[in-house]
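Engineer: Here you go, start.cif (mmCIF, C-alpha atoms):
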```cif
data_run
#
loop_
_atom_site.group_PDB
_atom_site.id
_atom_site.type_symbol
_atom_site.label_atom_id
_atom_site.label_comp_id
_atom_site.auth_asym_id
_atom_site.auth_seq_id
_atom_site.Cartn_x
_atom_site.Cartn_y
_atom_site.Cartn_z
ATOM 1 C CA MET A 1 12.725 6.731 34.418
ATOM 2 C CA VAL A 2 11.174 5.231 31.294
ATOM 3 C CA LEU A 3 13.595 4.512 28.441
ATOM 4 C CA THR A 4 12.786 3.032 25.037
ATOM 5 C CA VAL A 5 15.508 1.268 23.049
ATOM 6 C CA GLY A 6 15.188 -0.239 19.577
ATOM 7 C CA THR A 7 16.989 -1.801 16.661
ATOM 8 C CA PHE A 8 16.340 -1.149 12.971
ATOM 9 C CA ASN A 9 18.165 -2.172 9.790
ATOM 10 C CA LEU A 10 17.925 0.917 7.559
ATOM 11 C CA ASN A 11 18.978 -1.038 4.448
ATOM 12 C CA ASN A 12 21.729 0.744 2.529
ATOM 13 C CA LEU A 13 21.651 4.241 3.961
ATOM 14 C CA PHE A 14 24.459 5.342 1.667
ATOM 15 C CA ASP A 15 26.041 8.692 0.889
ATOM 16 C CA ARG A 16 26.012 8.129 -2.866
ATOM 17 C CA TRP A 17 25.049 9.642 -6.160
ATOM 18 C CA ASN A 18 22.720 7.682 -8.399
ATOM 19 C CA PHE A 19 23.654 7.603 -12.064
ATOM 20 C CA ALA A 20 21.459 6.768 -15.059
ATOM 21 C CA GLY A 21 22.162 6.925 -18.760
ATOM 22 C CA ALA A 22 23.731 5.102 -21.693
ATOM 23 C CA VAL A 23 26.836 5.376 -23.842
ATOM 24 C CA GLU A 24 25.784 5.272 -27.484
ATOM 25 C CA ALA A 25 29.149 3.891 -28.656
ATOM 26 C CA LEU A 26 28.734 0.820 -26.503
ATOM 27 C CA ALA A 27 25.180 0.305 -27.682
ATOM 28 C CA ALA A 28 26.496 0.357 -31.253
ATOM 29 C CA GLY A 29 28.838 -2.523 -30.513
ATOM 30 C CA THR A 30 32.226 -0.902 -29.894
ATOM 31 C CA SER A 31 34.240 -0.938 -26.705
ATOM 32 C CA SER A 32 35.677 2.511 -27.350
ATOM 33 C CA VAL A 33 34.137 5.266 -25.235
ATOM 34 C CA PRO A 34 34.511 8.689 -26.914
ATOM 35 C CA ALA A 35 34.526 10.671 -23.696
ATOM 36 C CA THR A 36 36.226 10.739 -20.328
ATOM 37 C CA TYR A 37 35.275 12.061 -16.942
ATOM 38 C CA THR A 38 37.737 13.348 -14.374
ATOM 39 C CA PHE A 39 36.807 12.652 -10.756
ATOM 40 C CA ASP A 40 37.820 14.991 -7.988
ATOM 41 C CA THR A 41 38.080 14.009 -4.330
ATOM 42 C CA GLU A 42 34.395 14.555 -3.584
ATOM 43 C CA ASP A 43 33.356 12.559 -6.660
ATOM 44 C CA ARG A 44 35.487 9.591 -5.643
ATOM 45 C CA ARG A 45 33.962 9.616 -2.180
ATOM 46 C CA ARG A 46 30.476 9.505 -3.592
ATOM 47 C CA LEU A 47 31.107 7.155 -6.531
ATOM 48 C CA GLN A 48 32.371 3.755 -5.443
ATOM 49 C CA LEU A 49 32.093 0.118 -6.376
ATOM 50 C CA ASP A 50 31.560 -2.609 -3.853
ATOM 51 C CA GLY A 51 33.805 -5.645 -3.513
ATOM 52 C CA ARG A 52 31.977 -7.363 -6.377
ATOM 53 C CA GLY A 53 32.391 -4.435 -8.767
ATOM 54 C CA LYS A 54 28.777 -3.286 -8.394
ATOM 55 C CA LEU A 55 28.063 0.433 -8.277
ATOM 56 C CA LEU A 56 26.903 1.503 -4.836
ATOM 57 C CA VAL A 57 23.966 3.879 -5.042
ATOM 58 C CA SER A 58 22.040 5.843 -2.475
ATOM 59 C CA LYS A 59 18.625 4.814 -1.214
ATOM 60 C CA PRO A 60 15.690 6.068 -3.320
ATOM 61 C CA ALA A 61 14.130 9.182 -1.835
ATOM 62 C CA ALA A 62 10.777 7.476 -1.272
ATOM 63 C CA ASP A 63 12.419 4.671 0.712
ATOM 64 C CA THR A 64 14.410 7.134 2.790
ATOM 65 C CA GLY A 65 11.259 9.068 3.573
ATOM 66 C CA ARG A 66 9.360 5.942 4.542
ATOM 67 C CA ILE A 67 12.118 4.775 6.897
ATOM 68 C CA ALA A 68 12.060 8.187 8.568
ATOM 69 C CA GLU A 69 8.289 7.936 9.007
ATOM 70 C CA ARG A 70 8.637 4.538 10.657
ATOM 71 C CA LEU A 71 11.354 5.759 13.013
ATOM 72 C CA LEU A 72 9.392 8.817 14.055
ATOM 73 C CA ALA A 73 6.167 6.846 14.509
ATOM 74 C CA ALA A 74 7.888 4.498 16.974
ATOM 75 C CA ASP A 75 9.086 7.488 19.037
ATOM 76 C CA VAL A 76 12.034 5.584 20.548
ATOM 77 C CA ASP A 77 14.686 7.227 22.739
ATOM 78 C CA VAL A 78 17.686 5.203 21.553
ATOM 79 C CA TRP A 79 17.983 3.463 18.184
ATOM 80 C CA VAL A 80 20.770 1.062 17.271
ATOM 81 C CA VAL A 81 20.720 1.079 13.468
ATOM 82 C CA GLN A 82 22.468 -1.030 10.864
ATOM 83 C CA GLU A 83 23.590 -0.534 7.245
ATOM 84 C CA VAL A 84 24.714 3.074 7.616
ATOM 85 C CA GLU A 85 27.672 4.123 5.478
ATOM 86 C CA ASN A 86 29.146 6.799 7.726
ATOM 87 C CA VAL A 87 28.370 9.312 10.430
ATOM 88 C CA ASP A 88 27.835 12.135 7.930
ATOM 89 C CA VAL A 89 24.962 10.391 6.179
ATOM 90 C CA LEU A 90 23.322 9.501 9.512
ATOM 91 C CA ARG A 91 23.633 13.111 10.683
ATOM 92 C CA GLU A 92 22.144 14.318 7.407
ATOM 93 C CA PHE A 93 19.325 11.773 7.695
ATOM 94 C CA ASN A 94 18.601 12.913 11.253
ATOM 95 C CA ARG A 95 18.711 16.571 10.279
ATOM 96 C CA GLU A 96 16.725 16.462 7.038
ATOM 97 C CA HIS A 97 14.347 13.529 7.551
ATOM 98 C CA LEU A 98 13.932 13.216 11.331
ATOM 99 C CA ASN A 99 13.762 16.967 12.005
ATOM 100 C CA GLY A 100 16.786 16.694 14.282
ATOM 101 C CA ALA A 101 14.868 14.469 16.712
ATOM 102 C CA TYR A 102 18.083 12.864 17.963
ATOM 103 C CA GLN A 103 20.677 15.144 19.523
ATOM 104 C CA HIS A 104 23.329 12.429 19.744
ATOM 105 C CA VAL A 105 24.485 10.542 16.639
ATOM 106 C CA MET A 106 27.298 8.005 16.480
ATOM 107 C CA VAL A 107 28.825 5.816 13.755
ATOM 108 C CA ILE A 108 32.220 4.106 13.721
ATOM 109 C CA ASP A 109 33.605 2.764 10.445
ATOM 110 C CA GLY A 110 33.786 -1.024 10.734
ATOM 111 C CA ASN A 111 35.239 -3.926 8.785
ATOM 112 C CA ASP A 112 32.798 -4.168 5.876
ATOM 113 C CA SER A 113 34.842 -3.740 2.695
ATOM 114 C CA THR A 114 32.133 -4.947 0.301
ATOM 115 C CA ARG A 115 29.162 -2.703 1.002
ATOM 116 C CA PHE A 116 30.759 -0.317 3.551
ATOM 117 C CA ILE A 117 27.857 -0.703 5.994
ATOM 118 C CA ASP A 118 28.316 0.209 9.640
ATOM 119 C CA ILE A 119 26.450 0.302 12.945
ATOM 120 C CA GLY A 120 25.129 3.604 14.241
ATOM 121 C CA ILE A 121 23.253 5.054 17.199
ATOM 122 C CA LEU A 122 20.566 7.727 17.265
ATOM 123 C CA SER A 123 19.875 8.875 20.808
ATOM 124 C CA ARG A 124 17.913 11.492 22.679
ATOM 125 C CA ARG A 125 19.967 10.649 25.750
ATOM 126 C CA PRO A 126 23.657 11.586 25.971
ATOM 127 C CA ILE A 127 26.062 8.925 24.757
ATOM 128 C CA GLY A 128 29.083 8.299 26.968
ATOM 129 C CA GLY A 129 32.017 6.033 26.179
ATOM 130 C CA VAL A 130 31.888 4.116 22.908
ATOM 131 C CA THR A 131 34.024 1.077 22.100
ATOM 132 C CA SER A 132 34.443 -0.748 18.796
ATOM 133 C CA TYR A 133 35.462 -4.410 18.802
ATOM 134 C CA GLN A 134 36.231 -4.664 15.115
ATOM 135 C CA ARG A 135 39.820 -5.747 15.847
ATOM 136 C CA VAL A 136 38.866 -8.770 17.962
ATOM 137 C CA PHE A 137 39.823 -12.289 16.869
ATOM 138 C CA HIS A 138 38.262 -15.701 17.469
ATOM 139 C CA PRO A 139 40.747 -18.382 18.638
ATOM 140 C CA ASP A 140 39.738 -20.661 15.744
ATOM 141 C CA VAL A 141 40.362 -17.874 13.192
ATOM 142 C CA PRO A 142 43.449 -15.985 14.393
ATOM 143 C CA THR A 143 44.303 -14.552 10.968
ATOM 144 C CA ARG A 144 41.458 -12.070 10.541
ATOM 145 C CA PRO A 145 39.010 -10.092 12.716
ATOM 146 C CA ILE A 146 35.941 -12.131 13.583
ATOM 147 C CA PHE A 147 33.394 -9.392 12.954
ATOM 148 C CA SER A 148 32.643 -8.822 9.287
ATOM 149 C CA ARG A 149 31.071 -5.525 10.381
ATOM 150 C CA ASP A 150 31.502 -4.701 14.052
ATOM 151 C CA LEU A 151 30.360 -5.009 17.637
ATOM 152 C CA VAL A 152 29.872 -1.613 19.268
ATOM 153 C CA GLU A 153 29.473 -0.912 22.983
ATOM 154 C CA ALA A 154 27.970 2.413 24.062
ATOM 155 C CA GLU A 155 27.046 3.954 27.398
ATOM 156 C CA ILE A 156 23.683 5.702 27.602
ATOM 157 C CA LEU A 157 23.710 8.493 30.199
ATOM 158 C CA ASP A 158 21.175 10.496 32.141
ATOM 159 C CA ALA A 159 21.102 14.304 32.198
ATOM 160 C CA LYS A 160 23.737 14.357 34.950
ATOM 161 C CA GLY A 161 26.159 12.179 32.986
ATOM 162 C CA ARG A 162 25.517 8.985 34.942
ATOM 163 C CA ARG A 163 25.358 5.699 33.070
ATOM 164 C CA ILE A 164 21.856 4.247 33.050
ATOM 165 C CA LEU A 165 22.333 1.515 30.440
ATOM 166 C CA THR A 166 25.043 -0.158 28.362
ATOM 167 C CA VAL A 167 24.086 -1.071 24.818
ATOM 168 C CA PHE A 168 25.903 -3.574 22.604
ATOM 169 C CA GLY A 169 24.979 -3.314 18.929
ATOM 170 C CA THR A 170 25.981 -5.645 16.114
ATOM 171 C CA HIS A 171 25.218 -6.951 12.622
ATOM 172 C CA LEU A 172 26.205 -10.568 12.081
ATOM 173 C CA LYS A 173 27.201 -12.346 8.893
ATOM 174 C CA SER A 174 24.438 -12.562 6.303
ATOM 175 C CA LYS A 175 22.917 -15.808 5.040
ATOM 176 C CA PHE A 176 23.262 -14.497 1.480
ATOM 177 C CA VAL A 177 25.245 -16.807 -0.778
ATOM 178 C CA ASP A 178 26.371 -15.663 -4.228
ATOM 179 C CA PHE A 179 24.827 -18.037 -6.763
ATOM 180 C CA THR A 180 28.040 -17.928 -8.802
ATOM 181 C CA VAL A 181 30.134 -19.677 -6.139
ATOM 182 C CA GLU A 182 31.268 -23.196 -6.926
ATOM 183 C CA ASP A 183 29.650 -24.825 -3.865
ATOM 184 C CA PRO A 184 26.691 -22.837 -2.454
ATOM 185 C CA ILE A 185 26.014 -25.426 0.267
ATOM 186 C CA ALA A 186 29.560 -25.183 1.585
ATOM 187 C CA ALA A 187 29.396 -21.386 1.399
ATOM 188 C CA ALA A 188 26.175 -21.339 3.440
ATOM 189 C CA ALA A 189 27.736 -23.629 6.047
ATOM 190 C CA GLU A 190 30.778 -21.369 6.238
ATOM 191 C CA ALA A 191 28.558 -18.325 6.782
ATOM 192 C CA GLN A 192 26.656 -20.114 9.544
ATOM 193 C CA LEU A 193 29.892 -21.085 11.260
ATOM 194 C CA LEU A 194 31.022 -17.454 11.110
ATOM 195 C CA ARG A 195 27.761 -16.283 12.727
ATOM 196 C CA GLN A 196 28.256 -18.881 15.447
ATOM 197 C CA ARG A 197 31.811 -17.712 16.132
ATOM 198 C CA GLN A 198 30.670 -14.088 16.121
ATOM 199 C CA ALA A 199 27.961 -14.877 18.688
ATOM 200 C CA GLU A 200 30.484 -16.762 20.838
ATOM 201 C CA THR A 201 32.852 -13.805 20.682
ATOM 202 C CA ILE A 202 30.110 -11.364 21.622
ATOM 203 C CA THR A 203 29.196 -13.312 24.748
ATOM 204 C CA ARG A 204 32.853 -13.577 25.711
ATOM 205 C CA ILE A 205 33.314 -9.803 25.344
ATOM 206 C CA ILE A 206 30.157 -9.058 27.301
ATOM 207 C CA ALA A 207 31.245 -11.402 30.096
ATOM 208 C CA ASN A 208 34.591 -9.614 30.311
ATOM 209 C CA ARG A 209 33.038 -6.143 30.241
ATOM 210 C CA THR A 210 30.065 -6.551 32.570
ATOM 211 C CA SER A 211 28.879 -8.132 35.784
ATOM 212 C CA SER A 212 25.673 -10.019 36.552
ATOM 213 C CA ARG A 213 24.350 -6.947 38.375
ATOM 214 C CA GLN A 214 24.697 -4.593 35.410
ATOM 215 C CA ARG A 215 21.891 -3.418 33.181
ATOM 216 C CA TYR A 216 22.876 -3.996 29.577
ATOM 217 C CA LEU A 217 21.383 -5.285 26.368
ATOM 218 C CA LEU A 218 22.544 -6.708 23.056
ATOM 219 C CA CYS A 219 20.645 -5.877 19.893
ATOM 220 C CA GLY A 220 20.971 -5.763 16.137
ATOM 221 C CA ASP A 221 20.493 -7.703 12.923
ATOM 222 C CA MET A 222 21.595 -11.244 13.807
ATOM 223 C CA ASN A 223 20.748 -12.744 10.395
ATOM 224 C CA ASP A 224 19.494 -15.877 12.145
ATOM 225 C CA THR A 225 16.707 -16.857 14.514
ATOM 226 C CA PRO A 226 17.019 -16.775 18.329
ATOM 227 C CA ASP A 227 16.738 -20.567 18.547
ATOM 228 C CA SER A 228 19.277 -21.268 15.781
ATOM 229 C CA SER A 229 22.426 -23.251 16.443
ATOM 230 C CA ALA A 230 24.449 -20.215 15.373
ATOM 231 C CA LEU A 231 23.081 -18.085 18.221
ATOM 232 C CA VAL A 232 22.967 -20.709 20.961
ATOM 233 C CA ALA A 233 25.710 -18.866 22.869
ATOM 234 C CA TYR A 234 23.331 -16.016 23.727
ATOM 235 C CA ALA A 235 20.916 -18.024 25.865
ATOM 236 C CA GLN A 236 23.742 -20.144 27.256
ATOM 237 C CA SER A 237 25.427 -16.992 28.545
ATOM 238 C CA GLY A 238 22.304 -15.952 30.457
ATOM 239 C CA LEU A 239 20.954 -13.371 28.018
ATOM 240 C CA VAL A 240 17.158 -13.276 27.743
ATOM 241 C CA ASN A 241 15.250 -12.731 24.500
ATOM 242 C CA ALA A 242 13.025 -9.669 24.993
ATOM 243 C CA LEU A 243 10.923 -10.322 21.884
ATOM 244 C CA THR A 244 9.280 -13.658 22.599
ATOM 245 C CA ALA A 245 5.790 -12.143 22.640
ATOM 246 C CA PRO A 246 5.953 -8.606 21.216
ATOM 247 C CA THR A 247 3.043 -6.302 20.544
ATOM 248 C CA GLU A 248 2.567 -5.393 16.885
ATOM 249 C CA VAL A 249 2.289 -1.708 16.081
ATOM 250 C CA GLY A 250 0.471 -1.249 12.805
ATOM 251 C CA ALA A 251 -0.540 -3.991 10.383
ATOM 252 C CA VAL A 252 0.775 -5.264 7.077
ATOM 253 C CA LYS A 253 -1.724 -5.317 4.222
ATOM 254 C CA THR A 254 -1.448 -8.645 2.441
ATOM 255 C CA LYS A 255 -3.455 -11.657 1.340
ATOM 256 C CA VAL A 256 -0.639 -13.934 2.472
ATOM 257 C CA GLU A 257 -1.378 -15.915 5.604
ATOM 258 C CA LEU A 258 0.708 -14.458 8.410
ATOM 259 C CA PRO A 259 2.159 -16.528 11.249
ATOM 260 C CA ALA A 260 0.247 -16.830 14.506
ATOM 261 C CA SER A 261 3.170 -15.402 16.460
ATOM 262 C CA PRO A 262 4.000 -11.732 15.871
ATOM 263 C CA ALA A 263 7.668 -12.412 16.706
ATOM 264 C CA TRP A 264 9.088 -11.790 13.232
ATOM 265 C CA THR A 265 10.884 -8.856 11.619
ATOM 266 C CA SER A 266 11.864 -10.299 8.233
ATOM 267 C CA THR A 267 10.134 -12.404 5.606
ATOM 268 C CA PHE A 268 11.536 -14.234 2.589
ATOM 269 C CA LYS A 269 10.065 -16.254 -0.272
ATOM 270 C CA ALA A 270 12.518 -18.553 -2.021
ATOM 271 C CA SER A 271 11.541 -19.897 -5.428
ATOM 272 C CA GLY A 272 9.394 -23.001 -5.022
ATOM 273 C CA GLN A 273 9.470 -22.733 -1.236
ATOM 274 C CA PRO A 274 6.919 -21.528 1.331
ATOM 275 C CA ARG A 275 7.390 -18.037 2.683
ATOM 276 C CA THR A 276 9.321 -17.783 5.928
ATOM 277 C CA PHE A 277 8.831 -15.246 8.716
ATOM 278 C CA ASP A 278 11.849 -14.882 10.996
ATOM 279 C CA LEU A 279 12.894 -12.828 13.992
ATOM 280 C CA ILE A 280 16.388 -11.835 12.871
ATOM 281 C CA ASP A 281 16.329 -8.342 14.416
ATOM 282 C CA GLN A 282 16.675 -9.044 18.107
ATOM 283 C CA ILE A 283 17.029 -7.552 21.583
ATOM 284 C CA TRP A 284 18.650 -9.607 24.350
ATOM 285 C CA LEU A 285 18.605 -8.500 27.988
ATOM 286 C CA SER A 286 20.994 -9.018 30.857
ATOM 287 C CA PRO A 287 19.470 -10.864 33.843
ATOM 288 C CA ALA A 288 19.504 -7.632 35.862
ATOM 289 C CA LEU A 289 17.581 -5.805 33.127
ATOM 290 C CA VAL A 290 14.802 -8.393 32.709
ATOM 291 C CA PRO A 291 12.731 -7.139 35.703
ATOM 292 C CA ARG A 292 12.878 -3.658 34.185
ATOM 293 C CA LEU A 293 11.214 -4.704 30.920
ATOM 294 C CA THR A 294 7.710 -3.239 30.646
ATOM 295 C CA GLY A 295 6.938 -3.762 26.959
ATOM 296 C CA ALA A 296 8.206 -5.167 23.668
ATOM 297 C CA PHE A 297 7.082 -4.018 20.223
ATOM 298 C CA ILE A 298 7.565 -4.598 16.499
ATOM 299 C CA GLY A 299 6.556 -1.856 14.081
ATOM 300 C CA ARG A 300 4.747 -3.643 11.304
ATOM 301 C CA ARG A 301 5.413 -2.728 7.690
ATOM 302 C CA LYS A 302 2.682 -1.587 5.326
ATOM 303 C CA LYS A 303 3.856 -3.766 2.428
ATOM 304 C CA LEU A 304 5.004 -7.352 2.867
ATOM 305 C CA ALA A 305 7.943 -7.254 0.450
ATOM 306 C CA ARG A 306 9.545 -4.086 1.809
ATOM 307 C CA ASP A 307 8.569 -0.739 3.236
ATOM 308 C CA GLY A 308 11.661 1.426 2.887
ATOM 309 C CA THR A 309 13.586 -1.605 4.116
ATOM 310 C CA ASP A 310 12.866 -5.331 4.224
ATOM 311 C CA HIS A 311 13.231 -5.313 8.021
ATOM 312 C CA ASP A 312 10.773 -4.263 10.701
ATOM 313 C CA PRO A 313 11.973 -2.219 13.690
ATOM 314 C CA ALA A 314 11.821 -3.743 17.156
ATOM 315 C CA TRP A 315 11.940 -1.860 20.439
ATOM 316 C CA ILE A 316 11.373 -2.261 24.140
ATOM 317 C CA THR A 317 10.358 -0.055 27.041
ATOM 318 C CA LEU A 318 12.328 -0.142 30.273
ATOM 319 C CA ASP A 319 11.544 1.209 33.715
ATOM 320 C CA LEU A 320 14.940 2.301 34.990
#
```
Could you write out this structure as structure tokens?
Structural biologist:
Amino acid sequence: MVLTVGTFNLNNLFDRWNFAGAVEALAAGTSSVPATYTFDTEDRRRLQLDGRGKLLVSKPAADTGRIAERLLAADVDVWVVQEVENVDVLREFNREHLNGAYQHVMVIDGNDSTRFIDIGILSRRPIGGVTSYQRVFHPDVPTRPIFSRDLVEAEILDAKGRRILTVFGTHLKSKFVDFTVEDPIAAAAEAQLLRQRQAETITRIIANRTSSRQRYLLCGDMNDTPDSSALVAYAQSGLVNALTAPTEVGAVKTKVELPASPAWTSTFKASGQPRTFDLIDQIWLSPALVPRLTGAFIGRRKKLARDGTDHDPAWITLDL
């Protein structure tokens, strides 16, 4: 049995209305607004502010369409996706943009209280038991859950309901640091420490839930590179990076010099700094799954800055 499994950060797949306009009274210099608007239940669900007071808006239609094109072009059996607001928006996306290509759709609301982004699964294969680890704690931080989003475990089944693979999906703490914080360096170090503790917790959970003979994988947006100090627990636990030498599918059109290695899914250009190309979207295999790996791929974007999302999808083929 050939099975393809991938990970893709969909970048703010929100169930939101987008608003545009101006209030003339404010433009004239007064703080008095001569009109009010009453929100009903549906309005409040679709109109929300994030934890920083910023209006959350839905993805532009062109970006949504482009993400759908990239998903369909990869033709993957099981996608673990990140930055999905809820199961309704993923079902709608599957129905209206993927032509219902995935019969099984799963999202569990996680811990993100700033952007409300969760982890989801799109699968052609039946999904069995699903477990969320959002209420797990790290021993060094016993006062709050360790996952700022979630770690999700899902069983992938064959047509007879037998488990053929266990998938762990996650989205670790971002490297983003608000420029308004008093000490950006300390904030970046704190974020890195959180990613490290999240990775340690993931390997502990996997060790408790699996055996060395089981076929399982860990994938998602790790927000750091495979060889970073934050993610050292993965290799130490015996997990194997499946994307060391992936095949590129498609090609980005740019005059920028690209790295020799195709093992990157994200690129960033800081002011005054050289552009970086990093593999932050990753797939890690259990020792028992490594011999089953027959291919690894990264779907290359058309535009360097972003192509519906600023991440590239990564997927593997397995002979099970």
Engineer: Give the answer as one residue: which of A:Ala251, A:Leu165, A:Val136, A:Ala270 has the shortest atom-to-atom distance to A:Arg300, using only C-alpha atoms?
Structural biologist: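 So, comparing all the options, the nearest one is A:Ala251.
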Engineer: With only C-alpha atoms as the basis for distance, which of A:Asp227, A:Glu248, A:Asp140, A:Glu182 is at the shortest distance from A:Gln198?
Structural biologist: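 Nearest candidate to A:Gln198 out of A:Asp227, A:Glu248, A:Asp140, A:Glu182: A:Asp140.
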Engineer: For a test of reading the model, state the distance in Å between atom CA of A:Gly220 and atom CA of A:Tyr234, rounded to one decimal.
Structural biologist: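 According to the coordinates, atom CA of A:Gly220 and atom CA of A:Tyr234 are separated by 13.0 Å.
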Engineer: Taking the file as I've supplied it (selection: the PyMOL selection byres ((chain A and resi 123) around 8)), which residues are included? Please answer as a VMD selection string.
Structural biologist: chain A and resid 77 to 79 102 to 105 121 to 122 124 to 127
Engineer: Give me the residues near stretch 82-94 of chain A as a PyMOL selection string, where near means some atom within 9 Å (using all atoms listed in the file) and where sequence neighbours in that chain fewer than 2 positions away do not count.
Structural biologist: chain A and resi 7-15+64+68+80+96-103+105-109+115-122+169-171+220-221
Engineer: Export, as an mmCIF file, in the coordinates of the input, the selected residues with C-alpha atoms.
Structural biologist:
```cif
data_model
loop_
_atom_site.group_PDB
_atom_site.id
_atom_site.type_symbol
_atom_site.label_atom_id
_atom_site.label_comp_id
_atom_site.auth_asym_id
_atom_site.auth_seq_id
_atom_site.Cartn_x
_atom_site.Cartn_y
_atom_site.Cartn_z
ATOM 1 C CA THR A 7 16.989 -1.801 16.661
ATOM 2 C CA PHE A 8 16.340 -1.149 12.971
ATOM 3 C CA ASN A 9 18.165 -2.172 9.790
ATOM 4 C CA LEU A 10 17.925 0.917 7.559
ATOM 5 C CA ASN A 11 18.978 -1.038 4.448
ATOM 6 C CA ASN A 12 21.729 0.744 2.529
ATOM 7 C CA LEU A 13 21.651 4.241 3.961
ATOM 8 C CA PHE A 14 24.459 5.342 1.667
ATOM 9 C CA ASP A 15 26.041 8.692 0.889
ATOM 10 C CA THR A 64 14.410 7.134 2.790
ATOM 11 C CA ALA A 68 12.060 8.187 8.568
ATOM 12 C CA VAL A 80 20.770 1.062 17.271
ATOM 13 C CA GLU A 96 16.725 16.462 7.038
ATOM 14 C CA HIS A 97 14.347 13.529 7.551
ATOM 15 C CA LEU A 98 13.932 13.216 11.331
ATOM 16 C CA ASN A 99 13.762 16.967 12.005
ATOM 17 C CA GLY A 100 16.786 16.694 14.282
ATOM 18 C CA ALA A 101 14.868 14.469 16.712
ATOM 19 C CA TYR A 102 18.083 12.864 17.963
ATOM 20 C CA GLN A 103 20.677 15.144 19.523
ATOM 21 C CA VAL A 105 24.485 10.542 16.639
ATOM 22 C CA MET A 106 27.298 8.005 16.480
ATOM 23 C CA VAL A 107 28.825 5.816 13.755
ATOM 24 C CA ILE A 108 32.220 4.106 13.721
ATOM 25 C CA ASP A 109 33.605 2.764 10.445
ATOM 26 C CA ARG A 115 29.162 -2.703 1.002
ATOM 27 C CA PHE A 116 30.759 -0.317 3.551
ATOM 28 C CA ILE A 117 27.857 -0.703 5.994
ATOM 29 C CA ASP A 118 28.316 0.209 9.640
ATOM 30 C CA ILE A 119 26.450 0.302 12.945
ATOM 31 C CA GLY A 120 25.129 3.604 14.241
ATOM 32 C CA ILE A 121 23.253 5.054 17.199
ATOM 33 C CA LEU A 122 20.566 7.727 17.265
ATOM 34 C CA GLY A 169 24.979 -3.314 18.929
ATOM 35 C CA THR A 170 25.981 -5.645 16.114
ATOM 36 C CA HIS A 171 25.218 -6.951 12.622
ATOM 37 C CA GLY A 220 20.971 -5.763 16.137
ATOM 38 C CA ASP A 221 20.493 -7.703 12.923
#
```
Engineer: Would you kindly translate the PyMOL selection byres ((chain A and resi 244) around 12) into the concrete residues it picks from this file, as a count of residues only?
Structural biologist: 26
